[in-house]
Every structure is written in C-alpha cells, then in structure tokens.
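Here is the structure we will look at, set down as structure tokens.
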Amino acid sequence: MILRILAGASFLGALGLGMFTQSAVPPAPQPAAAPTLQVGAAQLPAYLPWLQGKRVGLVVNQTSLVGRTHLADTLKSRGVNLTAIFAPEHGFRGEAADGATIADGRDARTGVMVRSLYGKTKKPTPEMLADVDVLVFDIQDVGTRFYTFISTLHYVMEAAAEQGKTVVVLDRPNPNGAVIDGPVLEPKHRSFVGLDPLPVCHGLTVAELAKMLNGEKWLAGGRQCALKVVPMAGRYTHTLPYALPVRPSPNLPTARAVALYSSICFFEGTNVSVGRGTERPFEVVGSPTQPTSRPYQFTPRPNAGSPTPPLNGQLCYGLNLHQPAPGEPAEFFTLKYLLDFYRQSTDKEHFFTKYFEQLAGTDSLRAQIIAGRSEASIRASWQPALSRYKALRKKYLLYPER
C-alpha cells in the first residue's frame, strides 16, 4: 500500500479515527491522578536542548501527539531541524492495514521525507541515517511482545549503536502495565513479532524496555547505543488505568480490544479468525471449524483495516467478548479461549499454522495444548523463565509497581 501523505485538515480529522473511544461501552473513568500525568513528548523543555543544532529523525505514528498536535508539527514549529521521519507498521499517519507494505514518501505538512521501516527494510540503513544525528522514538505500545512497534525500537537502537547516533525515547504509559505473563521467547523463534527474550506481556513502558535492551546488550553484537529517555511526569504507576487517546493501530480500535489482545493474538497462528474484517477486531473469535452451537456468528469482509481478512466471506461460529465477564480484571492474560477452541475444533489437524510458534515464542505450547494439558499445568512450565525475567525487569523500572 502506498503511504498517503495528508495535509490541510486537522490531524485527527485527516486520520479518520477521532478519539479512541468505545461506542457501546464507555471508557473506564480516569483516576484522580490521571490529569497530572504528562507523557514524555509533552515535556518539551526536557529534551529540546538535546535536539538543538542537530539533524533530527523521528520514529513516530498517529499516536505521537503533544496534546492534539503531532510531534512532527510541534517540533517543526519550534525550529527543530527535522531531516527524516521513519514510519513503522501502519505508516506515519497510522492508515495502513496490518501487514501492508509501507512505501517512502514526503509529508506535505512538514516537507520532511518519510522513510519506511515496514516492508523490505525494517532496520534503518546507513544511507537512511546519513542525514540524522539524533533519532527520537515516540510511539504508543500496548505491552505485548508481538506488537511490532517494540521490534522497530530494537532495530532503531541497533542501527544507532552501529552508526554512532543518539536515540531519545519519549515515554508513554503501558495500558497493560500490571501484567507480566506468558512464555518467554526462545532464541530459535526470533522474528519481527518477537526479537528479544520477553514474555508475552512484558510489563514495561517503551523507555523501560529501551533501557533493558541497552543494559542487557541485546542489540546485535552486544552493542549499546547512546540512549536518553524522557520519563513521564506525574503520579504514574504500572497499575494506573489509562485510556489511550488514539487507537494504537487500525485493528485495536477500543480499550477492550487492547485488553484482550495478548490473549487473542495467539489465534493469528491458527485457523480461527480474531475478527479482522469485522467491526470488532480482537473482540470476537470464531471459525467455520467450530461447533455451530457456538453463541455468536460473524462473517469477515474486507474493510479499511483488513483488505484481505482471514476466512474472508466464511461464516464463523464463536464468541463475542466485547463485554467483560463478571469479575474479570481490566488487565489480564489467559489461555482459556485458545484451549477451549482447540478442544472444540472439528479440524484439529489444521488448527495450528507455522506462524503459531513465532507468536508463542516456544515449541512447547502447541505440544502442551495438543496433549490436553490444563492452563494451570502449562503456566507452571513457564515459571522458571518468567521468574528470571521478573527479577531482570526490576532493574529497569522507572515507575512504582503500584
């Protein structure tokens, strides 16, 4: 898909997304502390001195806002010498569908060249950084290993380490920041949906993760980049509820989808639809190979977020998870949906695809499910590696747990 460059209209209106809210379920009320929270990008006095006299490249998308103004426009208006914008998956303005190739282009509003980091080139090349001294990363994450923006962060830091550039990470909340769970990625399953030995739910903000990547020397060759971070200001903790002001990607349109994402994304490596091509992606799951007695039915059709959705045009039987179950926490990770759908599948032989191991990060999960092991038993097998990760994570925390 060719990257479309928008100008003239307001940013949010041009994006066609508006504010990140739910039509059927109102957003969770914000705690009293929330109005005092300032994301890193909003703290201009903290990092503008680092950009003065430098050629600056931005790694940004539609979530990179200072108030309601895009970071690129904000910095341009402050006289910062922007020489490049790097677009991750979904593009600079966040319009591209999941998996769509992002093409280079020029942003009509700022006049800055936009270079793709999602397509053939996922790591900035020396040529792409030839006119850059400092790279500023400001993208909203959702706290899940297979959400590709943190892989982009890894490659940006790696390229910076190799080419002598500085990386500035502007921090934002993790909407699932209290959850540290799931199998830890095994090296043999490294891919763009999992580059580092993290559990499915890593429980870090992007600045904390950047510090971990550098501190643990996980970049290629054990290199470390020149890293500066701007933490959030205010009373942020990892358990603070946070409603994202803009959808982080086309197929995570609601707070409920963001909460379900870590548990539901495993189905992307199966013959079960996660609702791409419907009005409720990552809130509904179903398949033609599930019992027709399932309480919910849907048929995926092409739409803006999924031009070619899995199981396109096929009637799927499954579940509508839009409404939380009684007593269900706001943040959670569970295997119950995956185990249930495998048990009831009418085509177990083709239930899993090769992609499943990349998402799981381990060979064992598929075998455990096929063997009929319980969720408690499977979870127990993760604990040694997960416990080591939790201890490691504490070294890099910038904020209280609670």
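Ligands are numbered from 1 in the order shown, residues from 1 within each chain, and chains are lettered A, B, ... in the order they appear in the structure tokens.
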
(message) Give me the residues near range 227-244 of chain A as a VMD selection string, where near means some atom within 8 Å (using only C-alpha atoms) and where sequence neighbours in that chain fewer than 4 positions away do not count.
(response) chain A and resid 20 27 to 28 30 to 31 33 to 34 36 to 41 43 46 to 47 166 to 175 177 to 178 203 207 211 214 248 255 398 to 402

(message) If DSSP is run on the backbone, what residues of range 56-290 of chain A are alpha helix (DSSP H)? A reply as an NGL selection string would be ideal.
(response) :A and (71-77 or 149-163 or 206-215 or 255-264)

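Each of A:Gly182, A:Gly327, A:Pro187, A:Gly222 was compared to Met157 in chain A using only C-alpha atoms, and A:Gly222 turns out to be the nearest.
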
(request) Point out the residue among A:Arg78, A:His70, A:Gly361, A:Pro245 with the least atom-to-atom distance to Leu44 in chain A, counting only C-alpha atoms. (result) A:Arg78

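If you measure from each of A:Arg388, A:Lys76, A:Lys348, A:Arg393 to Leu51 in chain A using only C-alpha atoms, the closest one turns out to be A:Lys76.
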